[in-house]
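> Structure in structure tokens, see below.
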Amino acid sequence: MAFRFVHTADIHLDSPLRSLALRNPELAEVVGDASRKALIAIVDLCLSERVDALIIAGDLYDGDQTSMKTARFLATQMSRLHEAGIKVLKVRGNHDALSRISKQLVFPDSVTIFGGRASAVILRAPGNDVAFHGLSFSQTRAPESLLSKYAGPSDGMVNVGIMHTSLAGAPGHDVYAPCNVADLHGHGFDYWALGHIHSRTIHAGSRKVVMPGMPQGRDINESGQKSVSLVTVRDDRSIEIEERATSIAQFERLDVNISGAIEWHDVVHAIRSALEELRSSIFSPHLVVRLKLVGNTSLAWQIIRDQDLLLAEAEQIGERTGSVWLEKLDIDVRTLEEFVDGADPVQELAQTMRSNARSEAFREQARALIHRLVDELPPEVRDFAGKDESEANDFLERALSEGTDLVTARLRERDLQ
Ligand SMILES: [Mn+2]
């Protein structure tokens with residue numbers, strides 16, 4: 001009889017909101033609750049697919065801020081699995097090491113948390129025994145490979161290894177129990193249930209080496225579909241892996257090119273079509289979008305000036321499209337070249353401002369002004385213009401460019417009245 005399990009990792013339960021752009025309290029609630037909803041979705045999947053086990057390859061918790069509320073929530077979900085006869089096997093990750101509640105929680109005996117010494121748990125389905133090998137490192141840092149601590153495969157059964165590891169390294173992820181994918185393929189286990197890296201990868205090779213990615217993204221840097229693996233071990237010991245989507249709120253970046261827009265409603269229309277198209281391709285209940293307008297248009301100045309109105313408009317479109325939330329609106333639009341000619345006094349003035357802004361004498365004055373301002377500010381906000389010279393230069397560059405655009409937009413406004 002086939003043996004089935006769900007493999008997940010990096011749930012980061014009750015992780016605090018990191019995105020400062022979540023100023024909308026309703027959106028903050030959707031995102032703040034999402035890691036719990038994702039865990040509920042995982043348990044629902046285990047129940048509806050009648051799997052034999054749930055494997056959690058580390059970072060169930062997010063760190064020391066998790067509270068007893070988190071513990072109660074978790075206990076409820078674990079008992080749902082317990083009552084259905086589904087085993088839970090878990091190793092700790094670097095974030096679990098910081099969690100205080102993980103030491104106080106008492107789970108039903110169907111939950112196994114692997115300890116500091118590698119051990120194996122054998123789960124039996126009729127005619128199909130599976131050995132799960134796991135090891136938990138109790139510290140937040142694990143600079144060395146843990147692979148040599150794992151025993152070899154048990155004879156006569158399918159072997160699954162559970163490990164929290166940064167593999168050969170991944171941008172944005174701390175080094176943790178590093179090891180080579182090739183060594184995992186060569187160890188003799190049939191399936192490696194990994195965790196730590198937040199994006200999903202199945203590492204090609206002779207065995208199944210699976211980093212499932214997190215089941216729910218937390219901010220725009222964790223965009224895209226998030227999921228778990230539903231794994232079937234057949235009687236002939238072949239292994240089938242299915243990806244099942246779990247995220248409640250999916251983050252996406254969306255660039256909308258509005259080149260050629262002539263009227264305000266052209267811009268609104270472009271935003272609406274783009275949001276509707278994206279929504280139709282995403283099945284997650286909530287879609288959280290960082291929208292960026294790009295392109296050349298004669299409306300550039302008006303878009304820069306009235307971006308608050310445009311954001312409100314885009315939020316309304318999102319609401320009507322169906323649970324589409326605007327995380328942020330970025331504007332990177334340019335004025336059409338053909339409008340840059342001497343016949344237009346505002347444009348002429350804008351050009352003069354731009355060329356003045358490039359002169360060294362003007363920059364010197366601007367730098368002196370920033371220095372005076374910094375001296376008058378309390379220490380904790382003095383970094384606003386950068387922490388070193390190169391950052392200060394970048395700040396100046398940005399301030400001059402955005403300032404010129406803003407002044408031009410304001411002059412236009414008066415021009416029209
Ligand atoms: Mn981790």
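All residue names refer to the structure tokens as shown: chains lettered A, B, ... in order, residues numbered from 1 in each chain, ligands numbered from 1 in order.
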Name each residue within 10 Å of ligand 1, counting only C-alpha atoms and all ligand atoms, as a ChimeraX atom specification.
/A:9-12,57-62,92-97,140-141,164-166,173-176,195-198
> Neighbouring residues of Ser148 (chain A) were defined as those with any atom within 12 Å, considering only C-alpha atoms; residues of the same chain fewer than 5 positions away were excluded. Please report them as a list in words.
Arg117, Ala118, Leu135, Met163, Ala177, Pro178, Cys179, Asn180, Asp183, Leu184 and His187 of chain A
> Of the candidates A:Leu39, A:Leu291, A:Leu406, A:Ala385, which shows the shortest atom-to-atom distance to Leu74 (chain A), using only C-alpha atoms?
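Closest to Leu74 (chain A) of all the choices is A:Leu39.
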> I'd like the interatomic distance between CA of Ser355 (chain A) and CA of His371 (chain A), to a tenth of an Å.
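Distance between the two atoms: 22.9 Å.
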> Excluding Arg290 (chain A) and residues on its chain fewer than 6 positions from it, collect all residues at most 6 Å away from it, counting only C-alpha atoms, and give them as a PyMOL selection string.
chain A and resi 253+327-328
> Since we have the selection now, will you write its residues out, keeping C-alpha atoms, as a PDB file, in the first residue's frame?

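The file below, selection17.pdb, is the result:
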ATOM      1  CA  ARG A 253       5.600  42.682  -8.396  1.00  0.00           C
ATOM      2  CA  GLU A 327       1.263  46.996  -1.119  1.00  0.00           C
ATOM      3  CA  LYS A 328       2.979  49.978  -2.748  1.00  0.00           C
TER       4      LYS A 328
END
> Report as number ranges by chain all protein, DNA and RNA residues lying within 12 Å of Ala312 (chain A), evaluated on only C-alpha atoms, omitting residues in the same chain fewer than 4 positions from it.
A: 24, 268, 306-308, 316-319, 325-329
> According to DSSP computed on the backbone, where in region 263-409 of chain A is there helix (DSSP H, G or I)? Give the residues as a ChimeraX atom specification.
/A:264-280,300-305,307-322,337-339,345-358,360-376,379-385,389-409
> Can you work out which one of A:Val121, A:Ile258, A:Val210, A:Val267 has the shortest atom-to-atom distance to Leu336 (chain A), counting only C-alpha atoms?
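Smallest separation from Leu336 (chain A) among the options: A:Ile258.
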> What separation in Å, quoted to one decimal, exists between CA of Ala392 (chain A) and CA of Arg354 (chain A)?
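Atom-to-atom, CA of Ala392 (chain A) to CA of Arg354 (chain A), that is 19.1 Å.
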